[in-house]
>>> print(open('input_30.txt').read())   # compact mmCIF, C-alpha atoms (C1' of nucleotides)
# COMPACT_ATOMS: atom_id res chain seq x y z
CA MET A 1 -23.64 58.00 -9.37
CA PRO A 2 -21.12 55.40 -10.52
CA LEU A 3 -21.14 52.27 -8.40
CA LEU A 4 -17.49 52.59 -7.42
CA ASP A 5 -18.13 56.00 -5.85
CA ALA A 6 -20.63 54.32 -3.58
CA VAL A 7 -18.19 51.70 -2.31
CA PRO A 8 -17.74 53.24 1.16
CA ALA A 9 -21.49 53.44 1.64
CA LEU A 10 -21.99 49.91 0.31
CA ARG A 11 -19.45 48.55 2.77
CA ALA A 12 -20.91 50.40 5.72
CA ASP A 13 -24.50 49.47 4.91
CA LEU A 14 -23.67 45.80 4.36
CA LEU A 15 -21.64 45.46 7.55
CA ALA A 16 -24.31 47.22 9.60
CA TRP A 17 -26.92 44.85 8.21
CA TRP A 18 -24.68 41.86 8.87
CA GLN A 19 -24.01 42.87 12.47
CA ALA A 20 -27.71 42.50 13.17
CA ASN A 21 -28.72 39.81 10.69
CA GLY A 22 -25.68 37.70 9.83
CA ARG A 23 -25.16 34.00 10.49
CA HIS A 24 -22.85 34.41 13.46
CA TRP A 25 -23.23 30.78 14.52
CA ILE A 26 -21.39 28.90 11.76
CA PRO A 27 -19.19 26.54 13.80
CA TRP A 28 -15.94 26.82 11.81
CA LYS A 29 -16.14 30.63 12.05
CA LEU A 30 -16.04 30.64 15.86
CA GLY A 31 -13.00 30.86 18.11
CA PRO A 32 -12.05 28.34 20.80
CA ASP A 33 -14.28 30.24 23.24
CA GLY A 34 -17.29 29.68 20.99
CA HIS A 35 -17.54 33.33 20.01
CA PRO A 36 -16.76 35.07 16.71
CA PRO A 37 -13.12 36.25 16.59
CA GLY A 38 -12.19 39.90 16.75
CA ALA A 39 -10.81 41.77 13.74
CA GLY A 40 -7.33 40.56 12.84
CA GLU A 41 -7.59 37.56 15.13
CA SER A 42 -6.73 34.19 13.57
CA LEU A 43 -8.67 30.93 13.54
CA ASP A 44 -7.50 27.36 13.00
CA PRO A 45 -7.39 26.98 9.20
CA TRP A 46 -8.03 23.23 9.29
CA PRO A 47 -11.76 23.23 10.14
CA ILE A 48 -12.21 26.14 7.72
CA TRP A 49 -10.35 24.43 4.89
CA SER A 50 -12.40 21.28 5.39
CA ALA A 51 -15.63 23.24 5.40
CA GLU A 52 -14.74 25.25 2.30
CA ILE A 53 -14.05 22.10 0.31
CA MET A 54 -17.32 20.51 1.46
CA LEU A 55 -19.20 23.70 0.62
CA GLN A 56 -18.17 23.65 -3.04
CA GLN A 57 -21.46 23.30 -4.92
CA THR A 58 -23.07 22.04 -1.73
CA GLN A 59 -25.53 23.80 0.57
CA LEU A 60 -24.57 24.74 4.12
CA GLN A 61 -27.39 22.70 5.68
CA VAL A 62 -26.20 19.59 3.85
CA VAL A 63 -22.57 20.15 4.84
CA LEU A 64 -23.11 20.76 8.56
CA PRO A 65 -23.62 17.14 9.75
CA TYR A 66 -20.83 15.88 7.48
CA TRP A 67 -18.46 18.54 8.74
CA ARG A 68 -19.20 17.76 12.40
CA ARG A 69 -18.48 14.05 11.91
CA TRP A 70 -15.44 14.86 9.77
CA ILE A 71 -13.80 17.15 12.36
CA GLU A 72 -14.56 14.66 15.11
CA ALA A 73 -12.79 11.94 13.12
CA PHE A 74 -10.00 14.19 11.81
CA PRO A 75 -9.40 16.99 14.37
CA THR A 76 -6.23 18.09 12.57
CA ALA A 77 -4.81 18.00 9.08
CA ALA A 78 -2.24 15.55 10.39
CA ALA A 79 -5.04 13.23 11.50
CA LEU A 80 -6.48 13.23 7.99
CA ALA A 81 -3.05 12.74 6.48
CA ALA A 82 -2.62 9.65 8.63
CA ALA A 83 -5.97 8.16 7.61
CA SER A 84 -6.50 5.61 4.85
CA GLU A 85 -8.27 6.57 1.65
CA HIS A 86 -10.95 4.02 2.53
CA GLU A 87 -11.73 5.80 5.79
CA VAL A 88 -11.70 9.17 4.04
CA LEU A 89 -14.25 8.04 1.46
CA MET A 90 -16.40 6.45 4.17
CA ARG A 91 -16.63 9.85 5.88
CA TRP A 92 -17.49 11.56 2.59
CA GLN A 93 -19.99 8.93 1.46
CA GLY A 94 -23.24 10.58 0.31
CA LEU A 95 -21.83 14.10 -0.01
CA GLY A 96 -20.96 13.82 -3.71
CA TYR A 97 -18.09 15.12 -5.83
CA TYR A 98 -15.80 12.53 -4.32
CA ALA A 99 -12.63 13.90 -5.92
CA ARG A 100 -12.92 16.67 -3.32
CA ALA A 101 -12.29 14.14 -0.55
CA ARG A 102 -9.29 12.59 -2.23
CA ARG A 103 -7.81 16.01 -3.04
CA LEU A 104 -8.27 17.21 0.54
CA HIS A 105 -6.61 14.00 1.71
CA HIS A 106 -3.66 14.59 -0.61
CA GLY A 107 -3.51 18.26 0.34
CA ALA A 108 -3.29 17.38 4.03
CA ARG A 109 -0.36 15.07 3.30
CA GLN A 110 1.25 17.74 1.14
CA LEU A 111 1.09 20.30 3.94
CA LEU A 112 2.53 18.03 6.64
CA ASP A 113 5.18 19.82 8.72
CA GLN A 114 4.71 23.02 6.77
CA PRO A 115 3.38 26.34 8.07
CA TRP A 116 -0.09 27.33 6.89
CA PRO A 117 0.08 29.27 3.63
CA ARG A 118 -0.83 32.93 3.99
CA THR A 119 -0.93 33.78 0.29
CA VAL A 120 -3.36 32.98 -2.52
CA GLU A 121 -0.54 31.32 -4.47
CA GLY A 122 0.28 29.12 -1.50
CA TRP A 123 -3.31 27.86 -1.27
CA LEU A 124 -3.71 27.50 -5.02
CA ALA A 125 -0.84 25.00 -4.90
CA ILE A 126 -3.05 22.71 -2.82
CA PRO A 127 -5.23 20.29 -4.80
CA GLY A 128 -8.93 21.15 -4.76
CA VAL A 129 -8.35 24.78 -3.78
CA GLY A 130 -9.23 27.34 -6.44
CA ARG A 131 -9.25 31.11 -6.32
CA SER A 132 -12.53 31.51 -4.45
CA THR A 133 -11.77 28.80 -1.89
CA ALA A 134 -8.32 30.33 -1.35
CA GLY A 135 -9.84 33.76 -0.77
CA SER A 136 -12.41 32.34 1.59
CA ILE A 137 -9.85 30.45 3.65
CA LEU A 138 -7.47 33.41 3.88
CA SER A 139 -10.16 35.88 4.87
CA SER A 140 -11.91 33.47 7.25
CA ALA A 141 -8.85 32.11 9.02
CA PHE A 142 -6.46 35.10 9.00
CA ASP A 143 -8.73 38.06 8.21
CA LEU A 144 -6.60 38.78 5.16
CA PRO A 145 -8.05 40.95 2.36
CA HIS A 146 -8.73 38.47 -0.44
CA PRO A 147 -11.99 38.47 -2.42
CA ILE A 148 -14.32 35.54 -3.04
CA LEU A 149 -16.64 34.67 -5.92
CA ASP A 150 -19.06 31.89 -5.16
CA GLY A 151 -22.65 31.37 -6.24
CA ASN A 152 -24.02 33.77 -3.63
CA VAL A 153 -21.62 36.54 -4.56
CA LYS A 154 -22.22 36.07 -8.28
CA ARG A 155 -25.95 36.43 -7.75
CA VAL A 156 -25.63 39.54 -5.59
CA LEU A 157 -23.16 41.23 -7.95
CA THR A 158 -24.99 40.43 -11.18
CA ARG A 159 -28.14 41.93 -9.66
CA LEU A 160 -26.31 44.93 -8.26
CA THR A 161 -25.08 45.75 -11.77
CA ALA A 162 -27.94 44.15 -13.76
CA SER A 163 -25.27 42.26 -15.68
CA PRO A 164 -26.62 41.03 -19.03
CA ARG A 165 -24.11 38.17 -19.23
CA PRO A 166 -24.10 34.78 -17.54
CA PRO A 167 -21.51 34.86 -14.72
CA ALA A 168 -19.26 32.39 -16.55
CA ARG A 169 -19.04 34.87 -19.44
CA ASP A 170 -17.84 37.67 -17.21
CA ALA A 171 -15.74 36.08 -14.50
CA ALA A 172 -13.05 38.75 -14.82
CA GLY A 173 -15.52 41.57 -14.31
CA LEU A 174 -17.11 39.89 -11.31
CA TRP A 175 -13.72 39.28 -9.71
CA LEU A 176 -12.85 42.95 -10.21
CA LEU A 177 -16.10 44.00 -8.57
CA SER A 178 -15.69 41.61 -5.64
CA THR A 179 -12.16 42.95 -5.19
CA ALA A 180 -13.25 46.58 -5.38
CA LEU A 181 -16.07 46.14 -2.90
CA LEU A 182 -14.10 44.16 -0.32
CA ASP A 183 -13.50 46.17 2.83
CA PRO A 184 -9.70 45.95 3.37
CA HIS A 185 -10.13 46.69 7.06
CA ARG A 186 -12.68 43.95 7.75
CA PRO A 187 -12.25 41.34 5.01
CA ARG A 188 -13.47 38.40 7.10
CA ALA A 189 -16.67 40.14 8.11
CA PHE A 190 -17.25 41.63 4.67
CA ASN A 191 -16.91 38.37 2.73
CA GLN A 192 -19.16 36.56 5.18
CA ALA A 193 -21.66 39.40 5.03
CA LEU A 194 -21.74 39.19 1.25
CA MET A 195 -22.48 35.46 1.37
CA ASP A 196 -25.08 35.87 4.11
CA LEU A 197 -26.77 38.56 2.05
CA GLY A 198 -26.92 36.23 -0.94
CA SER A 199 -28.10 33.31 1.16
CA GLY A 200 -30.75 35.07 3.20
CA VAL A 201 -31.90 38.17 1.29
CA CYS A 202 -30.70 38.14 -2.32
CA THR A 203 -32.04 34.62 -2.85
CA PRO A 204 -32.46 32.89 -6.22
CA ARG A 205 -36.26 33.02 -5.99
CA ASN A 206 -38.34 35.72 -4.32
CA PRO A 207 -35.50 37.92 -3.06
CA SER A 208 -36.36 40.02 -0.01
CA CYS A 209 -35.48 43.37 -1.56
CA GLY A 210 -37.52 45.17 1.07
CA VAL A 211 -34.92 44.44 3.74
CA CYS A 212 -31.81 44.61 1.52
CA PRO A 213 -29.13 47.06 2.67
CA TRP A 214 -28.09 47.55 -0.97
CA GLN A 215 -31.55 48.19 -2.38
CA GLY A 216 -30.79 51.84 -3.10
CA HIS A 217 -27.75 50.91 -5.21
CA CYS A 218 -29.14 47.84 -7.01
CA ALA A 219 -29.61 48.21 -10.76
CA ALA A 220 -31.81 45.12 -10.99
CA TYR A 221 -34.09 46.43 -8.24
CA ALA A 222 -34.31 49.77 -9.98
CA ALA A 223 -35.34 47.95 -13.16
CA GLY A 224 -37.87 45.93 -11.21
CA ASP A 225 -36.54 42.50 -12.24
CA PRO A 226 -33.92 41.18 -9.78
CA HIS A 227 -35.28 37.64 -10.29
CA ARG A 228 -33.92 37.68 -13.85
CA TYR A 229 -30.33 37.68 -12.59
CA PRO A 230 -27.95 36.04 -12.90
CA VAL A 231 -28.72 35.46 -16.57
CA LYS A 232 -28.59 31.72 -17.23
CA GLU A 233 -26.84 29.75 -19.93
CA ALA A 234 -29.05 27.77 -22.28
CA PRO A 235 -29.64 24.43 -20.53
CA ARG A 236 -28.50 21.28 -22.27
CA GLU A 237 -30.51 18.13 -22.42
CA LEU A 238 -29.22 15.36 -20.18
CA PRO A 239 -28.56 12.03 -21.91
CA PHE A 240 -30.53 9.10 -20.56
CA GLN A 241 -29.05 5.62 -20.29
CA VAL A 242 -30.16 2.28 -18.85
CA ILE A 243 -27.57 0.42 -16.80
CA GLY A 244 -27.83 -3.31 -16.19
CA VAL A 245 -26.55 -4.21 -12.72
CA GLY A 246 -25.87 -7.64 -11.26
CA VAL A 247 -25.97 -8.50 -7.57
CA VAL A 248 -23.96 -11.68 -7.98
CA PHE A 249 -24.09 -14.32 -5.24
CA ASN A 250 -21.62 -17.16 -4.82
CA ASP A 251 -22.35 -20.45 -3.11
CA ALA A 252 -21.24 -19.02 0.24
CA GLY A 253 -23.94 -16.34 0.10
CA GLN A 254 -21.46 -13.54 -0.54
CA VAL A 255 -22.02 -10.79 -3.10
CA LEU A 256 -19.56 -9.35 -5.59
CA ILE A 257 -18.56 -5.68 -5.49
CA ASP A 258 -15.86 -3.69 -7.27
CA GLN A 259 -14.00 -0.45 -6.58
CA ARG A 260 -14.26 2.13 -9.36
CA LEU A 261 -11.20 3.73 -10.87
CA ASN A 262 -10.10 6.98 -9.20
CA GLU A 263 -10.56 8.91 -12.42
CA GLY A 264 -14.01 9.99 -13.52
CA LEU A 265 -17.47 9.59 -12.09
CA LEU A 266 -17.69 8.33 -8.49
CA GLY A 267 -13.95 7.75 -8.47
CA GLY A 268 -12.72 5.40 -5.75
CA LEU A 269 -16.17 4.32 -4.57
CA TRP A 270 -17.47 0.75 -4.54
CA GLU A 271 -20.42 -0.51 -6.56
CA PHE A 272 -22.26 -3.53 -7.85
CA PRO A 273 -20.89 -4.40 -11.29
CA GLY A 274 -22.80 -3.55 -14.46
CA GLY A 275 -22.83 -1.40 -17.54
CA LYS A 276 -24.75 0.37 -20.28
CA GLN A 277 -27.52 -1.42 -22.13
CA GLU A 278 -26.90 -1.43 -25.87
CA PRO A 279 -29.66 -0.62 -28.38
CA GLY A 280 -32.04 -3.53 -28.79
CA GLU A 281 -30.37 -5.54 -26.07
CA ALA A 282 -32.36 -7.35 -23.36
CA ILE A 283 -31.30 -6.19 -19.91
CA GLU A 284 -30.43 -9.75 -18.87
CA THR A 285 -28.07 -9.93 -21.84
CA THR A 286 -26.51 -6.62 -20.81
CA ILE A 287 -25.75 -7.95 -17.35
CA VAL A 288 -24.26 -11.22 -18.62
CA ARG A 289 -22.13 -9.33 -21.14
CA GLU A 290 -20.85 -6.74 -18.64
CA LEU A 291 -19.96 -9.41 -16.08
CA ARG A 292 -17.97 -11.16 -18.79
CA GLU A 293 -16.27 -8.03 -20.13
CA GLU A 294 -15.43 -6.35 -16.83
CA LEU A 295 -15.01 -9.28 -14.43
CA ALA A 296 -14.39 -12.29 -16.67
CA ILE A 297 -17.04 -14.35 -14.90
CA GLU A 298 -20.03 -16.36 -16.06
CA ALA A 299 -23.25 -15.83 -14.14
CA GLN A 300 -26.91 -16.73 -14.42
CA VAL A 301 -29.32 -13.79 -14.26
CA GLY A 302 -32.30 -14.26 -11.95
CA GLU A 303 -35.19 -12.12 -10.75
CA GLN A 304 -35.21 -8.34 -10.76
CA LEU A 305 -34.40 -6.80 -7.37
CA ILE A 306 -35.18 -3.14 -8.01
CA THR A 307 -34.87 -0.34 -10.53
CA VAL A 308 -33.30 2.93 -9.42
CA ASP A 309 -33.51 6.19 -11.38
CA HIS A 310 -30.74 8.61 -10.58
CA ALA A 311 -29.82 12.01 -12.01
CA TYR A 312 -26.19 13.09 -12.04
CA SER A 313 -24.96 16.50 -13.12
CA HIS A 314 -24.63 15.55 -16.77
CA LYS A 315 -26.67 12.42 -17.31
CA LYS A 316 -29.64 10.51 -16.05
CA LEU A 317 -29.34 6.80 -15.45
CA ARG A 318 -31.79 4.01 -14.74
CA PHE A 319 -30.23 1.08 -12.92
CA VAL A 320 -32.07 -2.18 -13.56
CA VAL A 321 -30.78 -4.52 -10.89
CA HIS A 322 -31.09 -8.30 -11.06
CA LEU A 323 -30.07 -10.97 -8.60
CA CYS A 324 -27.52 -13.30 -10.22
CA GLN A 325 -25.84 -16.59 -9.42
CA TRP A 326 -22.11 -16.94 -10.03
CA GLN A 327 -21.27 -19.99 -12.13
CA ARG A 328 -17.58 -19.97 -12.95
CA GLY A 329 -14.50 -17.83 -13.35
CA GLU A 330 -12.38 -16.03 -10.74
CA PRO A 331 -13.49 -12.35 -10.79
CA GLN A 332 -10.86 -10.07 -12.36
CA PRO A 333 -10.66 -6.26 -11.95
CA LEU A 334 -10.51 -5.67 -15.72
CA ALA A 335 -12.30 -2.28 -15.51
CA SER A 336 -11.91 -1.46 -11.82
CA GLN A 337 -9.28 -1.12 -9.10
CA GLN A 338 -10.27 -4.32 -7.31
CA VAL A 339 -13.11 -6.78 -6.87
CA ARG A 340 -14.20 -8.52 -3.70
CA TRP A 341 -16.70 -11.07 -2.40
CA VAL A 342 -18.35 -9.77 0.76
CA ALA A 343 -21.12 -10.94 3.07
CA PRO A 344 -24.19 -8.70 2.78
CA VAL A 345 -23.77 -7.49 6.38
CA GLU A 346 -20.27 -6.26 5.49
CA LEU A 347 -21.54 -3.92 2.76
CA GLU A 348 -21.93 -1.09 5.25
CA THR A 349 -18.18 -0.97 5.76
CA TYR A 350 -17.58 0.16 2.17
CA PRO A 351 -18.19 3.61 0.66
CA PHE A 352 -20.98 3.43 -1.95
CA PRO A 353 -22.59 6.14 -4.07
CA ALA A 354 -26.19 7.09 -3.34
CA ALA A 355 -27.76 4.99 -6.10
CA ASN A 356 -25.95 1.89 -4.85
CA ALA A 357 -27.02 2.64 -1.28
CA ARG A 358 -30.61 2.25 -2.48
CA ILE A 359 -29.72 -1.07 -4.08
CA ILE A 360 -28.16 -2.26 -0.82
CA ALA A 361 -31.28 -1.29 1.12
CA ALA A 362 -33.41 -3.28 -1.31
CA LEU A 363 -31.04 -6.25 -1.10
CA LEU A 364 -31.07 -6.33 2.70
CA ALA A 365 -34.86 -6.06 2.73
CA HIS A 366 -35.06 -8.89 0.21
CA LEU A 367 -32.81 -11.12 2.28
CA GLN A 368 -34.82 -10.27 5.39
CA SER A 369 -38.14 -11.23 3.84
CA GLN A 370 -36.56 -14.36 2.39
CA ALA A 371 -35.30 -15.36 5.83
CA SER A 372 -38.69 -14.89 7.47
CA ALA A 373 -40.36 -16.83 4.64
CA ASP A 374 -37.93 -19.70 5.20
CA GLN A 375 -38.68 -19.61 8.89
CA ALA A 376 -42.43 -19.80 8.26
CA ALA A 377 -41.93 -22.80 5.97
C1' DA B 1 -12.70 26.64 -22.65
C1' DA B 2 -16.49 23.92 -22.60
C1' DG B 3 -17.35 19.38 -20.31
C1' DT B 4 -16.96 16.75 -16.26
C1' DC B 5 -17.99 15.90 -11.62
C1' DG B 6 -23.11 14.13 -6.96
C1' DT B 7 -26.48 14.85 -4.09
C1' DG B 8 -30.47 16.59 -1.69
C1' DG B 9 -33.58 20.62 -0.92
C1' DT B 10 -37.27 22.93 -2.78
C1' DC B 11 -40.55 24.41 -5.68
C1' DT C 1 -37.46 9.74 -16.73
C1' DG C 2 -39.22 17.07 -13.53
C1' DA C 3 -36.57 21.66 -13.21
C1' DC C 4 -33.38 24.16 -10.92
C1' DC C 5 -29.66 24.93 -8.11
C1' DA C 6 -26.05 25.11 -4.25
C1' DA C 7 -19.78 28.63 -0.28
C1' DG C 8 -16.31 25.54 -7.66
C1' DA C 9 -12.26 23.00 -9.36
C1' DC C 10 -10.10 20.63 -12.84
C1' DT C 11 -8.95 19.40 -17.52
>>> encode(input="input_30.txt", output="structure tokens")
Amino acid sequence: MPLLDAVPALRADLLAWWQANGRHWIPWKLGPDGHPPGAGESLDPWPIWSAEIMLQQTQLQVVLPYWRRWIEAFPTAAALAAASEHEVLMRWQGLGYYARARRLHHGARQLLDQPWPRTVEGWLAIPGVGRSTAGSILSSAFDLPHPILDGNVKRVLTRLTASPRPPARDAAGLWLLSTALLDPHRPRAFNQALMDLGSGVCTPRNPSCGVCPWQGHCAAYAAGDPHRYPVKEAPRELPFQVIGVGVVFNDAGQVLIDQRLNEGLLGGLWEFPGGKQEPGEAIETTIVRELREELAIEAQVGEQLITVDHAYSHKKLRFVVHLCQWQRGEPQPLASQQVRWVAPVELETYPFPAANARIIAALLAHLQSQASADQAA
DNA sequence: AAGTCGTGGTC
DNA sequence: TGACCAAGACT
């Protein structure tokens, strides 16, 4: 029997499973009374929009504490619009993909004094909102019939059809299937059920096919190899680079930090200055050279503070961090937005990426042990 | 349209 | 120096 003929049964079976087994506790999916909304009932789009942006390529359990603090700080879109970019990045610090925060910030300002969009086109006009996020917001907030296609849905659908192609090679087909399956009478419940199925049953490893409401329709289950889907692209090797980093002190005991450009990796966040080690170059030379090239200062490189290995999505870096002493030259933001001397205790008031947070922890520990050594002497 | 963009969980 | 991946969007 063709899959499309089974659509009514698929909808009914999924929704029945979800009624008993779904995640009915997700905070941004609850009404003001703390209970799930009835069919056709609307929810405040703001907490949902915030959550959907945070959830892009990020697991629910990681998002939850960030989202709670975020909504407490910014209860409305207008509150976010009124906030500074510094405060926005502080609230996003550690969550990754920082362009999401700046786009959400801009989107909130863009929507000021405008009614909430109720069309896909209206949401697509907002920075950071793509087709799947738009569908998720519209179905979650307004119970409107728009499909979604996130990682969970891709996995469920590629297994359901035993698709031989990686999802990126068949986006059009997957969107068609998500659209065809969507229950037009209960879009909010159906989309959430599809994601809950992918999250709790149709999992990447060791799927629980024994309790799956779609087992009888699943081509991958019939073939006995649901774990093979979705078919993966050939993985690429990640380049590895060593970065020399200077924690530069001045005579007042302050350290030098710079704010990265908004474009590119870690855009808008603060960091300790540094740069890529060139072939055959001693790391101390790298640090001296980068401080000259990017800040126009002369500094003396001292002892190593720490090395930090960190994997990003498309490269692996090793930060070799040395304590340095500023000698001369007013720091210039030649490769950054701005540079600043700050007392070590003030570092916590700036948004730093995760690798730099480890450097700060090592620095504070170093200063602590140094202070107690001085006291003993 | 392939490359870019983070981090932490989990095995 | 692990591999793999997660409620994707943007260029």
>>> interface_residues(input="input_30.txt", of="chain A", to="chain B", cutoff="9 Å", atoms="all atoms listed in the file", output="ChimeraX atom specification")
/A:58-59,62,94-99,264-266,311-314,353-354
>>> interface_residues(input="input_30.txt", of="chain A", to="chain C", cutoff="8 Å", atoms="only C-alpha atoms (C1' of nucleotides)", output="PyMOL selection string")
chain A and resi 52+55-60+128-130+132+150-152+195+240+309+316
>>> atom_distance(input="input_30.txt", atom1="CA of Gln19 in chain A", atom2="CA of Arg205 in chain A")
24.2 Å
>>> atom_distance(input="input_30.txt", atom1="CA of Leu256 in chain A", atom2="CA of His366 in chain A")
16.6 Å
>>> atom_distance(input="input_30.txt", atom1="CA of Asp44 in chain A", atom2="CA of Trp92 in chain A")
21.4 Å
>>> axis_aligned_box(input="input_30.txt", around="range 6-10 of chain B", padding_each_side="5 Å", output="lines of an AutoDock Vina configuration file")
center_x = -30.2
center_y = 18.5
center_z = -3.9
size_x = 24.2
size_y = 18.8
size_z = 16.0
>>> residues_around(input="input_30.txt", residues="Ala9 in chain A", least_positions_apart="5", cutoff="12 Å", atoms="all atoms listed in the file", output="ChimeraX atom specification")
/A:3-4,14-16,181,183,213-214,216-217
